[in-house]
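Undergrad: What follows is final_23.txt, compact mmCIF, C-alpha atoms.
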# COMPACT_ATOMS: atom_id res chain seq x y z
CA MET H 273 105.54 52.13 142.44
CA PRO H 274 105.26 51.09 138.77
CA SER H 275 105.56 53.74 136.06
CA THR H 276 103.01 52.06 133.78
CA VAL H 277 100.18 49.59 134.10
CA ALA H 278 98.75 47.27 131.44
CA LEU H 279 95.12 47.82 130.46
CA THR H 280 93.60 44.88 128.60
CA VAL H 281 90.50 46.15 126.87
CA ALA H 282 87.80 44.20 125.04
CA ARG H 283 87.49 45.39 121.44
CA TYR H 284 84.55 44.66 119.20
CA ARG H 285 84.52 46.26 115.78
CA PRO H 286 81.49 44.86 113.99
CA GLU H 287 82.84 45.83 110.56
CA LYS H 288 85.99 43.76 111.22
CA GLU H 289 85.31 40.96 113.68
CA SER H 290 82.44 38.67 114.57
CA GLU H 291 83.24 38.51 118.29
CA PRO H 292 85.22 40.59 120.80
CA THR H 293 88.98 40.34 121.03
CA PHE H 294 91.34 41.82 123.59
CA GLN H 295 93.91 44.54 123.09
CA THR H 296 96.48 45.56 125.67
CA TYR H 297 97.69 49.13 126.17
CA GLU H 298 100.44 50.32 128.49
CA VAL H 299 99.18 53.43 130.26
CA PRO H 300 101.06 55.66 132.72
CA TYR H 301 100.39 54.78 136.31
CA ARG H 302 99.27 57.69 138.47
CA LYS H 303 97.86 57.17 141.89
CA ASP H 304 95.10 59.74 141.36
CA TRP H 305 93.92 58.10 138.13
CA VAL H 306 90.76 56.06 137.92
CA ILE H 307 90.20 53.48 135.19
CA LEU H 308 88.19 55.98 133.17
CA ASP H 309 91.22 58.33 133.15
CA ALA H 310 93.33 55.48 131.77
CA LEU H 311 90.72 54.78 129.06
CA ASN H 312 90.67 58.45 128.14
CA HIS H 313 94.47 58.42 127.98
CA VAL H 314 94.23 55.54 125.49
CA LYS H 315 91.60 57.34 123.46
CA ASP H 316 93.54 60.65 123.38
CA ASN H 317 97.10 59.36 122.92
CA LEU H 318 97.30 55.72 121.88
CA ASP H 319 94.24 54.62 119.93
CA GLY H 320 91.48 57.03 118.96
CA SER H 321 89.29 54.21 117.70
CA LEU H 322 88.50 52.87 121.20
CA SER H 323 84.81 53.47 122.02
CA PHE H 324 83.28 53.79 125.48
CA ARG H 325 80.63 55.90 127.21
CA TRP H 326 81.33 58.40 129.93
CA SER H 327 80.15 61.79 131.05
CA CYS H 328 80.32 63.17 134.58
CA ARG H 329 83.47 61.44 136.02
CA MET H 330 81.90 61.56 139.49
CA GLY H 331 79.50 58.66 139.91
CA VAL H 332 76.36 60.61 139.10
CA CYS H 333 75.55 60.03 135.43
CA GLY H 334 75.83 56.22 135.37
CA SER H 335 77.36 56.09 131.87
CA CYS H 336 80.75 54.50 132.51
CA GLY H 337 79.68 51.11 133.89
CA MET H 338 81.97 48.33 132.62
CA LYS H 339 83.29 45.02 133.81
CA VAL H 340 86.66 45.46 135.54
CA ASN H 341 88.51 42.21 136.20
CA GLY H 342 85.20 40.40 135.83
CA THR H 343 83.12 42.53 138.23
CA PRO H 344 80.68 45.26 137.12
CA LYS H 345 82.05 48.65 138.26
CA LEU H 346 81.74 52.34 137.60
CA THR H 347 85.10 53.01 135.95
CA CYS H 348 85.10 56.58 137.29
CA ALA H 349 85.08 55.24 140.85
CA MET H 350 87.80 52.59 140.65
CA PHE H 351 91.40 53.67 141.06
CA LEU H 352 94.26 52.09 139.12
CA SER H 353 95.97 51.68 142.48
CA ASP H 354 93.23 49.23 143.54
CA TYR H 355 94.28 46.87 140.74
CA LEU H 356 98.07 46.87 140.94
CA PRO H 357 100.21 45.33 139.55
CA GLY H 358 97.78 44.70 136.68
CA PRO H 359 97.00 43.86 133.97
CA ILE H 360 93.54 45.38 134.39
CA ARG H 361 90.91 43.73 132.24
CA VAL H 362 88.10 46.02 131.05
CA GLU H 363 85.08 44.59 129.22
CA ALA H 364 81.59 45.67 128.24
CA LEU H 365 78.80 44.91 130.73
CA ASP H 366 77.42 41.38 130.54
CA TYR H 367 74.00 40.40 129.15
CA PHE H 368 73.51 43.53 127.03
CA PRO H 369 74.18 43.45 123.29
CA VAL H 370 77.56 45.04 122.55
CA VAL H 371 77.34 47.80 119.95
CA ARG H 372 81.07 48.47 119.78
CA ASP H 373 84.07 47.90 122.09
CA LEU H 374 82.78 48.84 125.56
CA VAL H 375 79.47 50.35 124.45
CA VAL H 376 76.31 48.32 125.10
CA ASP H 377 72.75 48.83 123.92
CA LEU H 378 70.33 49.69 126.75
CA THR H 379 67.07 49.79 124.79
CA ASP H 380 65.77 46.72 126.64
CA PHE H 381 66.16 48.42 130.04
CA VAL H 382 64.61 51.69 128.91
CA ARG H 383 61.57 49.81 127.60
CA LYS H 384 61.19 47.91 130.88
CA LEU H 385 61.68 51.05 132.95
CA LYS H 386 58.81 52.72 131.10
CA GLN H 387 56.57 49.71 131.77
CA VAL H 388 56.81 50.10 135.57
CA LYS H 389 55.66 53.74 135.34
CA PRO H 390 58.44 55.41 137.32
CA TRP H 391 56.64 58.67 137.91
CA ILE H 392 54.14 59.99 140.45
CA ILE H 393 50.62 58.85 139.57
CA ARG H 394 47.70 60.72 141.13
CA LYS H 395 44.04 59.85 140.99
CA ASP H 396 43.13 63.52 141.16
CA GLU H 397 45.71 66.15 140.48
CA LYS H 398 45.16 69.18 142.69
CA PRO H 399 45.40 72.59 141.04
CA PRO H 400 48.86 74.23 141.24
CA ALA H 401 47.35 77.10 143.21
CA GLU H 402 46.86 74.77 146.17
CA GLY H 403 50.61 74.31 146.44
CA GLU H 404 52.96 71.34 146.62
CA TYR H 405 52.30 67.88 147.98
CA LEU H 406 54.13 68.10 151.29
CA GLN H 407 56.15 65.30 152.87
CA THR H 408 57.66 64.78 156.30
CA PRO H 409 61.33 63.72 156.58
CA ASP H 410 60.11 60.26 157.62
CA GLN H 411 58.05 59.95 154.44
CA VAL H 412 61.06 60.94 152.34
CA ASP H 413 63.19 58.45 154.24
CA ARG H 414 60.96 55.57 153.15
CA TYR H 415 61.87 55.79 149.47
CA LYS H 416 65.04 57.88 149.41
CA GLN H 417 67.39 54.90 149.17
CA PHE H 418 65.65 53.59 146.04
CA SER H 419 65.66 57.04 144.47
CA MET H 420 69.47 57.10 144.42
CA CYS H 421 69.57 54.81 141.35
CA ILE H 422 71.59 56.27 138.46
CA ASN H 423 70.60 53.62 135.87
CA CYS H 424 74.22 52.49 135.49
CA MET H 425 73.13 48.90 134.76
CA LEU H 426 75.75 47.29 137.00
CA CYS H 427 72.94 45.38 138.73
CA TYR H 428 71.67 43.89 135.45
CA SER H 429 75.18 42.88 134.53
CA ALA H 430 75.56 41.14 137.91
CA CYS H 431 72.21 39.33 137.72
CA PRO H 432 72.49 35.80 136.28
CA ILE H 433 68.68 35.62 136.12
CA TYR H 434 68.62 38.54 133.66
CA GLY H 435 71.26 36.70 131.61
CA LEU H 436 69.31 33.46 131.58
CA GLU H 437 65.82 34.99 131.30
CA PRO H 438 66.13 38.23 129.34
CA SER H 439 62.42 38.93 129.79
CA PHE H 440 62.96 39.57 133.54
CA ILE H 441 62.15 43.20 134.33
CA GLY H 442 65.30 43.34 136.41
CA PRO H 443 66.69 44.88 139.61
CA ALA H 444 66.91 48.61 138.84
CA ALA H 445 63.47 48.87 137.21
CA ILE H 446 61.82 47.08 140.16
CA ALA H 447 63.72 49.21 142.69
CA LEU H 448 62.56 52.33 140.85
CA ALA H 449 58.98 51.07 140.80
CA GLN H 450 59.28 50.55 144.54
CA ARG H 451 60.70 54.08 144.88
CA TYR H 452 57.35 55.43 143.62
CA ASN H 453 55.24 52.85 145.46
CA MET H 454 56.78 53.98 148.76
CA ASP H 455 56.30 57.67 147.97
CA SER H 456 53.50 59.18 150.05
CA ARG H 457 52.48 61.43 147.11
CA ASP H 458 51.97 58.49 144.76
CA GLN H 459 48.70 56.62 144.24
CA GLY H 460 49.77 54.31 141.39
CA ALA H 461 50.77 51.18 143.32
CA ALA H 462 47.83 49.19 141.90
CA GLU H 463 48.82 50.06 138.33
CA ARG H 464 52.38 48.91 138.93
CA LEU H 465 51.31 45.73 140.73
CA LYS H 466 50.01 44.31 137.46
CA ILE H 467 53.35 44.42 135.69
CA LEU H 468 55.48 43.70 138.78
CA SER H 469 53.60 40.60 139.92
CA GLU H 470 53.48 39.04 136.47
CA HIS H 471 55.76 36.17 135.49
CA ASP H 472 58.56 38.48 134.33
CA GLY H 473 58.36 40.64 137.44
CA ILE H 474 59.43 39.95 141.01
CA TRP H 475 58.84 36.18 140.91
CA GLN H 476 61.65 35.62 138.41
CA CYS H 477 64.08 36.79 141.10
CA THR H 478 65.59 33.93 143.10
CA PHE H 479 67.51 36.28 145.41
CA VAL H 480 71.07 35.80 144.23
CA GLY H 481 71.73 39.17 145.88
CA GLU H 482 74.61 40.26 143.61
CA CYS H 483 72.68 43.31 142.36
CA THR H 484 72.85 44.84 145.82
CA LYS H 485 76.55 44.01 146.19
CA VAL H 486 77.61 45.75 142.97
CA CYS H 487 75.33 48.80 143.32
CA PRO H 488 77.60 51.89 143.57
CA LYS H 489 74.80 53.99 145.11
CA HIS H 490 73.70 51.49 147.81
CA VAL H 491 70.19 51.28 146.40
CA ASP H 492 69.70 47.64 147.48
CA PRO H 493 67.55 46.42 144.57
CA ALA H 494 67.53 42.87 146.00
CA GLY H 495 65.89 44.25 149.15
CA ALA H 496 63.34 46.17 147.08
CA ILE H 497 62.37 43.00 145.20
CA GLN H 498 62.04 40.85 148.32
CA GLN H 499 59.95 43.52 150.04
CA TYR H 500 57.74 43.71 147.01
CA LYS H 501 57.35 39.92 147.00
CA LEU H 502 55.74 40.31 150.42
CA THR H 503 53.41 43.00 149.05
CA GLY H 504 52.58 40.84 146.01
CA ALA H 505 51.91 37.73 148.10
CA THR H 506 49.73 39.68 150.56
CA HIS H 507 47.75 41.10 147.68
CA TRP H 508 47.30 37.63 146.20
CA VAL H 509 45.98 36.20 149.50
CA LYS H 510 43.64 39.18 149.86
CA SER H 511 42.33 38.69 146.33
CA LEU H 512 41.56 35.05 147.19
CA LEU H 513 39.78 35.86 150.44
CA LEU H 514 38.09 39.09 149.40
CA PRO H 515 37.80 38.98 145.59
CA TRP H 516 35.70 42.13 145.60
CA GLY H 517 37.98 44.09 147.96
CA THR H 518 41.08 44.31 145.76
CA ARG H 519 39.51 45.62 142.58
CA MET W 132 77.05 33.90 114.67
CA ASN W 133 78.08 34.69 111.11
CA ALA W 134 81.79 34.16 110.44
CA GLU W 135 81.73 36.82 107.72
CA PRO W 136 80.64 40.02 109.48
CA ARG W 137 78.54 42.38 107.44
CA TYR W 138 78.43 46.05 108.24
CA THR W 139 75.28 48.02 107.68
CA LEU W 140 75.49 51.71 108.24
CA TYR W 141 72.27 52.39 110.11
CA HIS W 142 71.70 49.12 111.88
CA PRO W 143 74.37 48.17 114.40
CA ARG W 144 75.54 44.59 114.32
CA TRP W 145 75.35 43.66 117.97
CA TYR W 146 77.41 41.04 119.67
CA ARG W 147 75.39 38.95 122.10
CA ARG W 148 77.25 36.63 124.41
CA ARG W 149 75.60 33.36 125.37
CA VAL W 150 75.44 32.64 129.11
CA SER W 151 77.65 29.65 129.83
CA VAL W 152 76.19 26.60 131.58
CA TRP W 153 78.97 27.10 134.12
CA TRP W 154 78.04 30.71 134.96
CA TRP W 155 77.67 29.77 138.63
CA LEU W 156 81.36 28.89 138.88
CA GLN W 157 82.33 32.45 137.91
CA ASN W 158 82.47 33.73 141.46
CA ARG W 159 81.96 32.57 145.02
CA SER W 160 78.62 34.21 145.62
CA TYR W 161 77.08 32.62 142.51
CA ALA W 162 78.38 29.23 143.67
CA GLY W 163 76.99 29.88 147.17
CA PHE W 164 73.64 30.77 145.66
CA VAL W 165 73.43 27.57 143.59
CA LEU W 166 74.50 25.58 146.65
CA ARG W 167 71.66 27.19 148.62
CA GLU W 168 69.18 26.25 145.90
CA LEU W 169 70.52 22.67 145.97
CA THR W 170 69.86 22.40 149.70
CA SER W 171 66.18 21.99 148.82
CA VAL W 172 67.01 18.41 147.75
CA PHE W 173 68.19 17.65 151.28
CA VAL W 174 65.21 19.35 152.89
CA ALA W 175 63.08 17.05 150.71
CA PHE W 176 65.20 14.09 151.85
CA PHE W 177 64.32 14.77 155.50
CA ALA W 178 60.66 15.11 154.60
CA VAL W 179 60.70 11.72 152.84
CA VAL W 180 62.43 10.07 155.83
CA TYR W 181 59.76 11.59 158.07
CA LEU W 182 56.95 10.17 155.90
CA TRP W 183 58.68 6.83 155.93
CA GLN W 184 58.83 6.99 159.72
CA LEU W 185 55.09 7.72 159.91
CA ARG W 186 54.37 4.73 157.70
CA ALA W 187 56.49 2.46 159.92
CA LEU W 188 54.71 3.82 162.99
CA VAL W 189 51.31 2.94 161.51
CA GLN W 190 52.48 -0.57 160.61
CA GLY W 191 53.21 -1.45 164.23
CA PRO W 192 56.10 -1.90 166.72
CA GLU W 193 57.98 -4.47 164.66
CA ALA W 194 58.07 -2.33 161.53
CA TYR W 195 59.08 0.71 163.61
CA GLY W 196 61.96 -1.25 165.18
CA GLN W 197 63.11 -2.21 161.68
CA PHE W 198 62.91 1.41 160.61
CA LEU W 199 65.04 2.52 163.56
CA ALA W 200 67.58 -0.22 162.87
CA ARG W 201 67.84 0.85 159.24
CA LEU W 202 68.46 4.46 160.26
CA LYS W 203 71.45 3.30 162.30
CA THR W 204 73.23 1.74 159.32
CA PRO W 205 76.41 3.58 158.20
CA LEU W 206 74.76 4.53 154.89
CA PHE W 207 71.92 6.38 156.61
CA LEU W 208 74.19 7.90 159.24
CA THR W 209 76.40 9.36 156.49
CA LEU W 210 73.41 10.53 154.46
CA ASP W 211 71.90 12.13 157.56
CA ALA W 212 75.14 13.91 158.42
CA VAL W 213 75.52 15.31 154.88
CA ALA W 214 71.86 16.30 154.70
CA PHE W 215 72.10 17.96 158.12
CA LEU W 216 75.07 20.08 156.98
CA PHE W 217 73.16 21.22 153.90
CA VAL W 218 70.01 22.01 155.90
CA LEU W 219 72.13 23.97 158.38
CA PHE W 220 73.64 25.92 155.45
CA HIS W 221 70.11 26.53 154.18
CA ALA W 222 68.90 27.78 157.56
CA ILE W 223 71.85 30.10 158.14
CA THR W 224 71.84 31.65 154.65
CA TRP W 225 68.05 31.99 154.85
CA LEU W 226 68.18 33.79 158.19
CA ASN W 227 70.98 36.04 156.94
CA LEU W 228 68.70 37.21 154.13
CA ALA W 229 65.84 38.05 156.50
CA PRO W 230 66.76 41.72 157.12
CA LYS W 231 66.67 42.41 153.36
CA ALA W 232 63.10 41.18 152.98
CA MET W 233 61.77 42.48 156.31
CA VAL W 234 61.77 46.21 156.71
CA MET W 235 60.31 47.10 160.08
CA ARG W 236 59.78 50.58 161.36
CA LEU W 237 59.58 51.66 164.95
CA ARG W 238 58.62 55.29 165.62
CA GLY W 239 59.44 56.20 162.02
CA LYS W 240 62.97 54.78 162.15
CA ARG W 241 64.00 51.63 160.31
CA VAL W 242 64.89 48.81 162.70
CA PRO W 243 68.60 48.06 162.10
CA ASP W 244 69.53 44.84 160.28
CA TRP W 245 71.37 43.34 163.23
CA VAL W 246 68.27 43.55 165.45
CA ILE W 247 66.17 41.61 162.93
CA LEU W 248 69.02 39.16 162.37
CA SER W 249 69.66 38.48 166.04
CA SER W 250 65.97 38.15 166.91
CA ASN W 251 65.60 35.57 164.13
CA TYR W 252 68.59 33.63 165.44
CA ALA W 253 67.26 33.88 168.99
CA ALA W 254 63.86 32.50 167.89
CA TRP W 255 65.65 29.66 166.07
CA LEU W 256 67.70 28.78 169.17
CA VAL W 257 64.67 28.89 171.50
CA LEU W 258 62.59 26.67 169.19
CA SER W 259 65.47 24.22 168.65
CA GLY W 260 66.02 24.15 172.43
CA ALA W 261 62.33 23.44 173.05
CA VAL W 262 62.32 20.59 170.51
CA ALA W 263 65.55 19.14 171.96
CA PHE W 264 64.09 19.35 175.46
CA MET W 265 60.94 17.46 174.43
CA LEU W 266 62.93 14.76 172.66
CA LEU W 267 65.62 14.25 175.28
CA ARG W 268 63.28 14.38 178.29
CA GLY W 269 61.73 10.98 177.57
Would you write the structure of this file as structure tokens?

TA:
Amino acid sequence: MPSTVALTVARYRPEKESEPTFQTYEVPYRKDWVILDALNHVKDNLDGSLSFRWSCRMGVCGSCGMKVNGTPKLTCAMFLSDYLPGPIRVEALDYFPVVRDLVVDLTDFVRKLKQVKPWIIRKDEKPPAEGEYLQTPDQVDRYKQFSMCINCMLCYSACPIYGLEPSFIGPAAIALAQRYNMDSRDQGAAERLKILSEHDGIWQCTFVGECTKVCPKHVDPAGAIQQYKLTGATHWVKSLLLPWGTR
Amino acid sequence: MNAEPRYTLYHPRWYRRRVSVWWWLQNRSYAGFVLRELTSVFVAFFAVVYLWQLRALVQGPEAYGQFLARLKTPLFLTLDAVAFLFVLFHAITWLNLAPKAMVMRLRGKRVPDWVILSSNYAAWLVLSGAVAFMLLRG
């Protein structure tokens, strides 16, 4: 069992350098440490200038997504022991602009997420006095998987299409749109169809499938997109055959 | 990118990495994906051969005999073998993706992936068997 492990971290300090460089730190090896613990050890003891995002340490907040040895991971979920003997290479997520070190700017995603209207849309809202909109366990089961998304952006970082075509709405936003489309309380599928079936929506996806592989919450965004392609295509055929029926 | 970085207090100077032309060599699944996309060339190849066959058929027995003789040349046998491997790769990867795109529900429960997968493979085998039977019977 080694006493230390080398952590090679991408540094980008915009006031000093025009592109990222790598810096290696020797951190103590402990078998109960995840990569985020090692980064915090660096921050607290070796180099206070290292910047990265984190919050919950338990795979719920989605802040600590980074590339570990080339693969997008939640650093709070990956143990040092999985990467022995090292060195472990930690970089900022791909395809997002790097603000500093391991911190990326997510404005693009937040804007796209808002476009797909990820909230329950009702034609007529019933008065609160009439009580909740009830659901059976089966109805919950239909969308529950897609609702597990924590917006960690690992799927965007794994999607070469998003890298090549930055206008693509992307895996998580489409999965979250599908989460509301499949919800029995929602009546906004037609509103979302417009944005989802446009050029930058589902049809940009060529089914590489990596988004589903890297998803730490098993959301299966690739599945959501393919299922929606079927919905989109059916709608298109219907609008050809019955132009008045789909309005 | 500017060689001389400037720092402005309230506007971050982002670093944007260009996607390399060789992105698909980064890992095996990207390479597999690009290979699957490339198989379309070989699917098109079979379609062209088929059209060529139809043309020879229309032109009469002599032309058709010539067509068959040309298909038996080593060049075409090699091309056919390579194209067949790619089309097989296309078919298998395509069928493997089927459970992702098809979500079927029976009595409120989602039909498991392996059921969809194996029924697709079974349909493929039955159809291929039927075609082979028709061709080999005569």

Undergrad: Given all atoms listed in the file, how would the per-residue table for chain H near chain W read, listing every residue at most 6 Å away with its closest atom pair and distance in Å to one decimal, sorted by chain and number, as a Markdown table?

TA:
| residue | atom | partner | partner_atom | distance |
| --- | --- | --- | --- | --- |
| H:Pro286 | CA | W:Arg144 | CA | 6.0 |
| H:Glu287 | CA | W:Tyr138 | CA | 5.0 |
| H:Ser290 | CA | W:Pro136 | CA | 5.6 |
| H:Pro369 | CA | W:Arg147 | CA | 4.8 |
| H:Val370 | CA | W:Tyr146 | CA | 4.9 |
| H:Val371 | CA | W:Trp145 | CA | 5.0 |
| H:Val480 | CA | W:Phe164 | CA | 5.8 |
| H:Gly495 | CA | W:Lys231 | CA | 4.7 |
| H:Gln498 | CA | W:Ala232 | CA | 4.8 |
| H:Gln499 | CA | W:Ala232 | CA | 4.9 |

Undergrad: With C-alpha atoms retained, could you export that selection as a tab-separated table (two decimals), keeping the file's coordinate frame?

TA:
chain	number	residue	atom	x	y	z
H	286	PRO	CA	81.49	44.86	113.99
H	287	GLU	CA	82.84	45.83	110.56
H	290	SER	CA	82.44	38.67	114.57
H	369	PRO	CA	74.18	43.45	123.29
H	370	VAL	CA	77.56	45.04	122.55
H	371	VAL	CA	77.34	47.80	119.95
H	480	VAL	CA	71.07	35.80	144.23
H	495	GLY	CA	65.89	44.25	149.15
H	498	GLN	CA	62.04	40.85	148.32
H	499	GLN	CA	59.95	43.52	150.04

Undergrad: Of the candidates H:Ser511, H:Ser456, H:Ser429, H:Gln387, which one gets nearest to H:Asp472 if we count only C-alpha atoms?

TA: H:Gln387

Undergrad: Might you pull out every residue within 12 Å of stretch 255-264 of chain W, with all atoms listed in the file counted and same-chain residues fewer than 6 positions away left off, and present them as a ChimeraX atom specification?

TA: /W:219,222-223,225-226,248-249

Undergrad: Would you mind reading off the distance between atom CA of H:Leu436 and atom CA of H:Cys424, one decimal, in Å?

TA: 20.0 Å

Undergrad: If we draw a sphere of 10 Å around (58.9, -3.4, 159.5), which residues have at least one atom in it when counting all atoms listed in the file? Please report them as a PyMOL selection string.

TA: chain W and resi 186-188+190-201

Undergrad: Skipping near chain neighbours, those fewer than 5 positions away, what residues fall within 10 Å of H:Cys483 using only C-alpha atoms, listed as a list in words?

TA: Pro344, Met425, Leu426, Cys427, Tyr428, Ser429, Ala430, Cys431, Pro432, Gly442, Pro443, Ala444, Pro488, His490, Val491, Asp492, Pro493, Ala494 and Gly495 of chain H

Undergrad: Write a file for stretch 325-398 of chain H of the given structure; include C-alpha atoms and format it as an mmCIF file, in the first residue's frame.

TA:
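So selection-v1.cif came out as:
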data_model
loop_
_atom_site.group_PDB
_atom_site.id
_atom_site.type_symbol
_atom_site.label_atom_id
_atom_site.label_comp_id
_atom_site.auth_asym_id
_atom_site.auth_seq_id
_atom_site.Cartn_x
_atom_site.Cartn_y
_atom_site.Cartn_z
ATOM 1 C CA ARG H 325 -16.341 23.429 -7.136
ATOM 2 C CA TRP H 326 -17.809 21.067 -4.589
ATOM 3 C CA SER H 327 -20.561 20.991 -2.040
ATOM 4 C CA CYS H 328 -22.331 17.901 -0.739
ATOM 5 C CA ARG H 329 -19.578 15.187 -0.964
ATOM 6 C CA MET H 330 -22.277 12.564 -1.557
ATOM 7 C CA GLY H 331 -23.296 12.553 -5.200
ATOM 8 C CA VAL H 332 -26.369 14.716 -4.780
ATOM 9 C CA CYS H 333 -25.387 18.293 -5.621
ATOM 10 C CA GLY H 334 -23.627 17.648 -8.944
ATOM 11 C CA SER H 335 -20.944 20.310 -8.387
ATOM 12 C CA CYS H 336 -17.744 18.274 -8.384
ATOM 13 C CA GLY H 337 -17.823 16.840 -11.916
ATOM 14 C CA MET H 338 -14.322 16.752 -13.440
ATOM 15 C CA LYS H 339 -12.374 14.661 -15.880
ATOM 16 C CA VAL H 340 -10.412 11.950 -14.057
ATOM 17 C CA ASN H 341 -7.837 10.171 -16.200
ATOM 18 C CA GLY H 342 -9.734 11.388 -19.253
ATOM 19 C CA THR H 343 -13.237 10.257 -18.230
ATOM 20 C CA PRO H 344 -15.922 12.575 -16.799
ATOM 21 C CA LYS H 345 -16.563 11.573 -13.152
ATOM 22 C CA LEU H 346 -18.032 12.887 -9.950
ATOM 23 C CA THR H 347 -14.858 13.333 -7.892
ATOM 24 C CA CYS H 348 -16.785 12.664 -4.677
ATOM 25 C CA ALA H 349 -17.651 9.174 -5.919
ATOM 26 C CA MET H 350 -14.263 7.979 -7.158
ATOM 27 C CA PHE H 351 -11.849 6.506 -4.639
ATOM 28 C CA LEU H 352 -8.091 7.035 -4.830
ATOM 29 C CA SER H 353 -7.800 3.267 -4.497
ATOM 30 C CA ASP H 354 -9.524 2.865 -7.895
ATOM 31 C CA TYR H 355 -6.635 4.704 -9.559
ATOM 32 C CA LEU H 356 -3.557 3.177 -7.940
ATOM 33 C CA PRO H 357 -0.623 3.460 -8.410
ATOM 34 C CA GLY H 358 -1.293 6.862 -10.003
ATOM 35 C CA PRO H 359 -0.558 9.502 -11.070
ATOM 36 C CA ILE H 360 -4.206 10.573 -11.185
ATOM 37 C CA ARG H 361 -4.910 13.228 -13.780
ATOM 38 C CA VAL H 362 -7.694 15.676 -12.898
ATOM 39 C CA GLU H 363 -8.937 18.196 -15.472
ATOM 40 C CA ALA H 364 -11.891 20.509 -15.984
ATOM 41 C CA LEU H 365 -14.882 19.074 -17.875
ATOM 42 C CA ASP H 366 -14.554 19.164 -21.658
ATOM 43 C CA TYR H 367 -16.478 21.495 -23.986
ATOM 44 C CA PHE H 368 -17.302 24.126 -21.353
ATOM 45 C CA PRO H 369 -15.267 27.320 -21.120
ATOM 46 C CA VAL H 370 -12.797 27.071 -18.236
ATOM 47 C CA VAL H 371 -13.067 29.982 -15.815
ATOM 48 C CA ARG H 372 -10.164 28.940 -13.610
ATOM 49 C CA ASP H 373 -8.334 25.661 -12.862
ATOM 50 C CA LEU H 374 -11.120 23.068 -12.587
ATOM 51 C CA VAL H 375 -14.049 25.492 -12.627
ATOM 52 C CA VAL H 376 -16.124 25.687 -15.823
ATOM 53 C CA ASP H 377 -18.833 28.110 -16.865
ATOM 54 C CA LEU H 378 -22.285 26.484 -17.140
ATOM 55 C CA THR H 379 -24.276 29.461 -18.433
ATOM 56 C CA ASP H 380 -24.865 27.724 -21.770
ATOM 57 C CA PHE H 381 -26.529 24.722 -20.099
ATOM 58 C CA VAL H 382 -28.673 26.831 -17.793
ATOM 59 C CA ARG H 383 -29.950 28.811 -20.781
ATOM 60 C CA LYS H 384 -30.787 25.615 -22.680
ATOM 61 C CA LEU H 385 -32.424 24.030 -19.646
ATOM 62 C CA LYS H 386 -34.762 27.016 -19.354
ATOM 63 C CA GLN H 387 -35.693 26.710 -23.037
ATOM 64 C CA VAL H 388 -37.114 23.183 -22.603
ATOM 65 C CA LYS H 389 -39.425 24.385 -19.797
ATOM 66 C CA PRO H 390 -38.538 21.842 -17.111
ATOM 67 C CA TRP H 391 -41.559 22.450 -14.939
ATOM 68 C CA ILE H 392 -45.150 21.204 -14.836
ATOM 69 C CA ILE H 393 -47.289 23.073 -17.363
ATOM 70 C CA ARG H 394 -51.066 22.961 -16.924
ATOM 71 C CA LYS H 395 -53.710 24.243 -19.278
ATOM 72 C CA ASP H 396 -55.989 24.996 -16.344
ATOM 73 C CA GLU H 397 -54.620 25.131 -12.867
ATOM 74 C CA LYS H 398 -57.130 23.764 -10.374
#
